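Asks: Below is the structure I would like to discuss, written out as structure tokens.
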Amino acid sequence: MPTTGKRYTDRTGDRTVRRILDQRTRAVLDRVRNEQRGQRLEAYLMALGLRSKEGPH
């Protein structure tokens, strides 16, 4: 399956763009980047839906 970046370059013919992030990836990275140190792994897991805010039961 092609990535978002490959679809963009195929559609526009622009080969100068090296990386393009889809919205979900950008949202996950932004959430992790904005977290305090020591909380980034937890934010990453929550953003991927692997953990809930309540924590493991």
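In the structure tokens, the first chain shown is A, the next is B, and so on; residue numbers restart at 1 for each chain, and ligands run from 1 in the order shown.
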At a cut-off of 12 Å, using only C-alpha atoms, what residues contact stretch 21-28 of chain A? Leave out same-chain residues fewer than 5 positions from it and give the result as an MDAnalysis selection string.

Replies: chainID A and resid 3:8 33:35 40:49

Asks: Only N, CA and C atoms, please: the residues just picked out, written as a compact mmCIF listing (two decimals), in the first residue's frame.

Replies:
# COMPACT_ATOMS: atom_id res chain seq x y z
N THR A 3 2.27 5.02 0.68
CA THR A 3 2.14 5.94 1.80
C THR A 3 1.57 7.26 1.32
N THR A 4 1.22 8.12 2.26
CA THR A 4 0.69 9.43 1.92
C THR A 4 1.68 10.21 1.07
N GLY A 5 2.96 10.15 1.42
CA GLY A 5 3.99 10.86 0.68
C GLY A 5 4.10 10.39 -0.76
N LYS A 6 4.01 9.08 -0.95
CA LYS A 6 4.10 8.54 -2.31
C LYS A 6 2.90 8.97 -3.14
N ARG A 7 1.72 8.97 -2.53
CA ARG A 7 0.54 9.42 -3.26
C ARG A 7 0.66 10.88 -3.65
N TYR A 8 1.18 11.70 -2.74
CA TYR A 8 1.35 13.12 -3.02
C TYR A 8 2.32 13.33 -4.18
N ARG A 33 5.44 15.08 21.62
CA ARG A 33 6.39 16.20 21.73
C ARG A 33 5.96 17.19 22.80
N ASN A 34 4.67 17.38 22.99
CA ASN A 34 4.17 18.37 23.94
C ASN A 34 4.06 17.85 25.37
N GLU A 35 4.32 16.58 25.57
CA GLU A 35 4.26 16.02 26.92
C GLU A 35 5.53 16.36 27.71
N ARG A 40 6.25 10.91 28.08
CA ARG A 40 6.14 10.79 26.62
C ARG A 40 5.77 9.39 26.17
N LEU A 41 6.31 8.36 26.78
CA LEU A 41 5.96 7.00 26.40
C LEU A 41 4.47 6.74 26.65
N GLU A 42 3.99 7.18 27.79
CA GLU A 42 2.58 7.00 28.13
C GLU A 42 1.69 7.75 27.13
N ALA A 43 2.08 8.96 26.74
CA ALA A 43 1.32 9.73 25.76
C ALA A 43 1.32 9.03 24.41
N TYR A 44 2.45 8.45 24.04
CA TYR A 44 2.55 7.72 22.77
C TYR A 44 1.61 6.52 22.77
N LEU A 45 1.62 5.75 23.84
CA LEU A 45 0.76 4.57 23.93
C LEU A 45 -0.72 4.96 23.93
N MET A 46 -1.06 6.05 24.62
CA MET A 46 -2.45 6.52 24.63
C MET A 46 -2.87 7.00 23.24
N ALA A 47 -1.98 7.69 22.55
CA ALA A 47 -2.29 8.20 21.21
C ALA A 47 -2.53 7.05 20.23
N LEU A 48 -1.84 5.94 20.43
CA LEU A 48 -2.03 4.79 19.56
C LEU A 48 -3.22 3.93 19.99
N GLY A 49 -3.78 4.25 21.15
CA GLY A 49 -4.93 3.48 21.63
C GLY A 49 -4.54 2.21 22.36

Asks: DSSP on the backbone, helix (DSSP H, G or I) only: what residues of stretch 14-51 of chain A does that give? Format it as a list in words.

Replies: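 Output for stretch 14-51 of chain A, helix (DSSP H, G or I) only: Gln23, Arg24, Thr25, Arg26, Ala27, Val28, Leu29, Asp30, Arg31, Val32, Arg33, Asn34, Arg40, Leu41, Glu42, Ala43, Tyr44, Leu45, Met46, Ala47 and Leu48 of chain A.
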